[in-house]
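Participant: Encoded as structure tokens, here's the structure I'll be asking about.
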Amino acid sequence: MSVGGPAHTDGDSFVHLADANVLHMSDVFFNGFYPFIDTGSGGSLNGVIAAAEKALGMVDEETRIVPGHGPLASKADLEAYLTMLTGVRDAIEPLAKAGKSKDDIIAAKPTSAFDEAWGGGFMSPDDFTGIVVDGIAAGR
């Protein structure tokens, strides 16, 4: 099923096996580290947030969630991911709206509150911040 709009890219989908209580979220969910968001293909942080919110409406505490990257997840893991995503958005958007350059926003370390828990994957905090800024600049 469609995630409802562009998220990681402009063509994301979930696979929900309702009878088995399993949700495969593809690359919309990176469990335990910052996600890659393909802004060049229509993706955006706000789209990933919307998709995570939609997924939370499909799961319960017993659902096994298969992320695109990272270990098998639970509803609590998905909630933590959404908290991180919205926290990052809330830290970066005001800087972008104030006219700060991408380099200045990266230098401000707006993800620092989340870096210890989420910054250990293949996306460095600075790279993730840059991707989020690119999506904002593209109007997404």
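To be explicit about the labels: the chains of the structure tokens are called A, B, and onward in the order shown, and within each one the residues are counted from 1, while ligands get numbers from 1 in the order they are shown.
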Report as a list of chain:residue names all protein, DNA and RNA residues lying within 9 Å of Pro110 (chain A), evaluated on only C-alpha atoms, omitting residues in the same chain fewer than 4 positions from it.
Facilitator: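 Those residues are A:Val88, A:Ala91, A:Ile92, A:Leu95, A:Ile105, A:Ile106, A:Phe114, A:Pro125, A:Thr129.
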Participant: Neighbours of Phe122 (chain A) within 9 Å (only C-alpha atoms; same-chain residues fewer than 6 positions away dropped), as a PyMOL selection string?
Facilitator: chain A and resi 33-36
Participant: Excluding region 7-23 of chain A and its own-chain neighbours fewer than 6 positions away, which residues fall within 9 Å of it when counting only C-alpha atoms? Please give them as a PyMOL selection string.
Facilitator: chain A and resi 1+29+35-51+55+58-60+62-67
Participant: Write to file, as a PDB file, in the first residue's frame, the residues of the selection just made, with N, CA and C atoms.
Facilitator:
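After the write, part.pdb holds the following:
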ATOM      1  N   MET A   1       0.837  -1.171   0.000  1.00  0.00           N
ATOM      2  CA  MET A   1       0.000   0.000   0.000  1.00  0.00           C
ATOM      3  C   MET A   1       0.881   1.233   0.000  1.00  0.00           C
ATOM      4  N   PHE A  29      11.591   3.623   7.126  1.00  0.00           N
ATOM      5  CA  PHE A  29      11.983   3.436   8.523  1.00  0.00           C
ATOM      6  C   PHE A  29      13.397   2.889   8.591  1.00  0.00           C
ATOM      7  N   PRO A  35      17.924   8.375   8.888  1.00  0.00           N
ATOM      8  CA  PRO A  35      17.570   7.826   7.573  1.00  0.00           C
ATOM      9  C   PRO A  35      18.191   8.607   6.433  1.00  0.00           C
ATOM     10  N   PHE A  36      18.345   7.938   5.314  1.00  0.00           N
ATOM     11  CA  PHE A  36      18.650   8.618   4.066  1.00  0.00           C
ATOM     12  C   PHE A  36      17.310   9.012   3.455  1.00  0.00           C
ATOM     13  N   ILE A  37      17.171  10.283   3.147  1.00  0.00           N
ATOM     14  CA  ILE A  37      15.972  10.782   2.482  1.00  0.00           C
ATOM     15  C   ILE A  37      16.411  11.288   1.114  1.00  0.00           C
ATOM     16  N   ASP A  38      15.864  10.701   0.070  1.00  0.00           N
ATOM     17  CA  ASP A  38      16.283  11.020  -1.293  1.00  0.00           C
ATOM     18  C   ASP A  38      15.529  12.242  -1.801  1.00  0.00           C
ATOM     19  N   THR A  39      16.027  13.425  -1.433  1.00  0.00           N
ATOM     20  CA  THR A  39      15.373  14.668  -1.832  1.00  0.00           C
ATOM     21  C   THR A  39      15.404  14.864  -3.340  1.00  0.00           C
ATOM     22  N   GLY A  40      16.376  14.280  -4.009  1.00  0.00           N
ATOM     23  CA  GLY A  40      16.452  14.364  -5.467  1.00  0.00           C
ATOM     24  C   GLY A  40      15.347  13.582  -6.153  1.00  0.00           C
ATOM     25  N   SER A  41      14.745  12.653  -5.436  1.00  0.00           N
ATOM     26  CA  SER A  41      13.641  11.846  -5.972  1.00  0.00           C
ATOM     27  C   SER A  41      12.324  12.163  -5.278  1.00  0.00           C
ATOM     28  N   GLY A  42      12.197  13.370  -4.739  1.00  0.00           N
ATOM     29  CA  GLY A  42      10.936  13.806  -4.168  1.00  0.00           C
ATOM     30  C   GLY A  42      10.754  13.550  -2.697  1.00  0.00           C
ATOM     31  N   GLY A  43      11.734  12.966  -2.030  1.00  0.00           N
ATOM     32  CA  GLY A  43      11.602  12.678  -0.612  1.00  0.00           C
ATOM     33  C   GLY A  43      11.772  13.907   0.251  1.00  0.00           C
ATOM     34  N   SER A  44      11.250  13.832   1.476  1.00  0.00           N
ATOM     35  CA  SER A  44      11.405  14.931   2.426  1.00  0.00           C
ATOM     36  C   SER A  44      11.219  14.422   3.848  1.00  0.00           C
ATOM     37  N   LEU A  45      11.773  15.175   4.783  1.00  0.00           N
ATOM     38  CA  LEU A  45      11.588  14.829   6.186  1.00  0.00           C
ATOM     39  C   LEU A  45      10.112  14.864   6.556  1.00  0.00           C
ATOM     40  N   ASN A  46       9.388  15.871   6.107  1.00  0.00           N
ATOM     41  CA  ASN A  46       7.964  15.942   6.436  1.00  0.00           C
ATOM     42  C   ASN A  46       7.204  14.755   5.865  1.00  0.00           C
ATOM     43  N   GLY A  47       7.606  14.269   4.700  1.00  0.00           N
ATOM     44  CA  GLY A  47       6.974  13.080   4.132  1.00  0.00           C
ATOM     45  C   GLY A  47       7.258  11.840   4.951  1.00  0.00           C
ATOM     46  N   VAL A  48       8.495  11.705   5.441  1.00  0.00           N
ATOM     47  CA  VAL A  48       8.832  10.555   6.287  1.00  0.00           C
ATOM     48  C   VAL A  48       8.051  10.635   7.599  1.00  0.00           C
ATOM     49  N   ILE A  49       7.914  11.835   8.145  1.00  0.00           N
ATOM     50  CA  ILE A  49       7.123  12.012   9.365  1.00  0.00           C
ATOM     51  C   ILE A  49       5.677  11.583   9.127  1.00  0.00           C
ATOM     52  N   ALA A  50       5.085  12.039   8.032  1.00  0.00           N
ATOM     53  CA  ALA A  50       3.693  11.678   7.726  1.00  0.00           C
ATOM     54  C   ALA A  50       3.548  10.165   7.553  1.00  0.00           C
ATOM     55  N   ALA A  51       4.521   9.532   6.898  1.00  0.00           N
ATOM     56  CA  ALA A  51       4.461   8.083   6.707  1.00  0.00           C
ATOM     57  C   ALA A  51       4.592   7.349   8.037  1.00  0.00           C
ATOM     58  N   ALA A  55       1.915   4.817   9.690  1.00  0.00           N
ATOM     59  CA  ALA A  55       2.284   3.465  10.129  1.00  0.00           C
ATOM     60  C   ALA A  55       1.884   3.234  11.583  1.00  0.00           C
ATOM     61  N   MET A  58      -1.390   1.853  12.139  1.00  0.00           N
ATOM     62  CA  MET A  58      -1.611   0.501  11.628  1.00  0.00           C
ATOM     63  C   MET A  58      -1.091  -0.583  12.559  1.00  0.00           C
ATOM     64  N   VAL A  59      -0.406  -0.203  13.633  1.00  0.00           N
ATOM     65  CA  VAL A  59       0.271  -1.188  14.472  1.00  0.00           C
ATOM     66  C   VAL A  59      -0.233  -1.143  15.905  1.00  0.00           C
ATOM     67  N   ASP A  60       0.099  -2.214  16.636  1.00  0.00           N
ATOM     68  CA  ASP A  60      -0.142  -2.247  18.075  1.00  0.00           C
ATOM     69  C   ASP A  60       1.143  -2.734  18.749  1.00  0.00           C
ATOM     70  N   GLU A  62       2.029  -5.514  19.732  1.00  0.00           N
ATOM     71  CA  GLU A  62       2.467  -6.850  19.329  1.00  0.00           C
ATOM     72  C   GLU A  62       2.960  -6.921  17.885  1.00  0.00           C
ATOM     73  N   THR A  63       2.789  -5.847  17.128  1.00  0.00           N
ATOM     74  CA  THR A  63       3.173  -5.839  15.711  1.00  0.00           C
ATOM     75  C   THR A  63       4.679  -5.955  15.570  1.00  0.00           C
ATOM     76  N   ARG A  64       5.094  -6.794  14.651  1.00  0.00           N
ATOM     77  CA  ARG A  64       6.500  -6.870  14.269  1.00  0.00           C
ATOM     78  C   ARG A  64       6.679  -5.936  13.078  1.00  0.00           C
ATOM     79  N   ILE A  65       7.552  -4.976  13.233  1.00  0.00           N
ATOM     80  CA  ILE A  65       7.782  -3.971  12.192  1.00  0.00           C
ATOM     81  C   ILE A  65       9.144  -4.246  11.566  1.00  0.00           C
ATOM     82  N   VAL A  66       9.132  -4.419  10.247  1.00  0.00           N
ATOM     83  CA  VAL A  66      10.354  -4.677   9.495  1.00  0.00           C
ATOM     84  C   VAL A  66      10.781  -3.352   8.864  1.00  0.00           C
ATOM     85  N   PRO A  67      11.894  -2.788   9.340  1.00  0.00           N
ATOM     86  CA  PRO A  67      12.366  -1.544   8.749  1.00  0.00           C
ATOM     87  C   PRO A  67      13.145  -1.820   7.459  1.00  0.00           C
TER      88      PRO A  67
END
Participant: As JSON, numbers by chain, please: all residues of chain A that backbone DSSP puts in helix (DSSP H, G or I).
Facilitator: {"A": [18, 19, 20, 39, 40, 41, 45, 46, 47, 48, 49, 50, 51, 52, 53, 54, 55, 56, 75, 76, 77, 78, 79, 80, 81, 82, 83, 84, 85, 86, 87, 88, 89, 90, 91, 92, 93, 94, 95, 96, 97, 102, 103, 104, 105, 106, 107, 112, 113, 114, 115, 116, 117, 118, 125, 126, 127, 128, 129, 130, 131, 132, 133, 134, 135, 136, 137]}
Participant: If I take CA of Ser74 (chain A) and CA of Ile131 (chain A), how far is one from the other in Å, to one decimal?
Facilitator: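 So the two atoms, CA of Ser74 (chain A) and CA of Ile131 (chain A), lie 26.4 Å apart.
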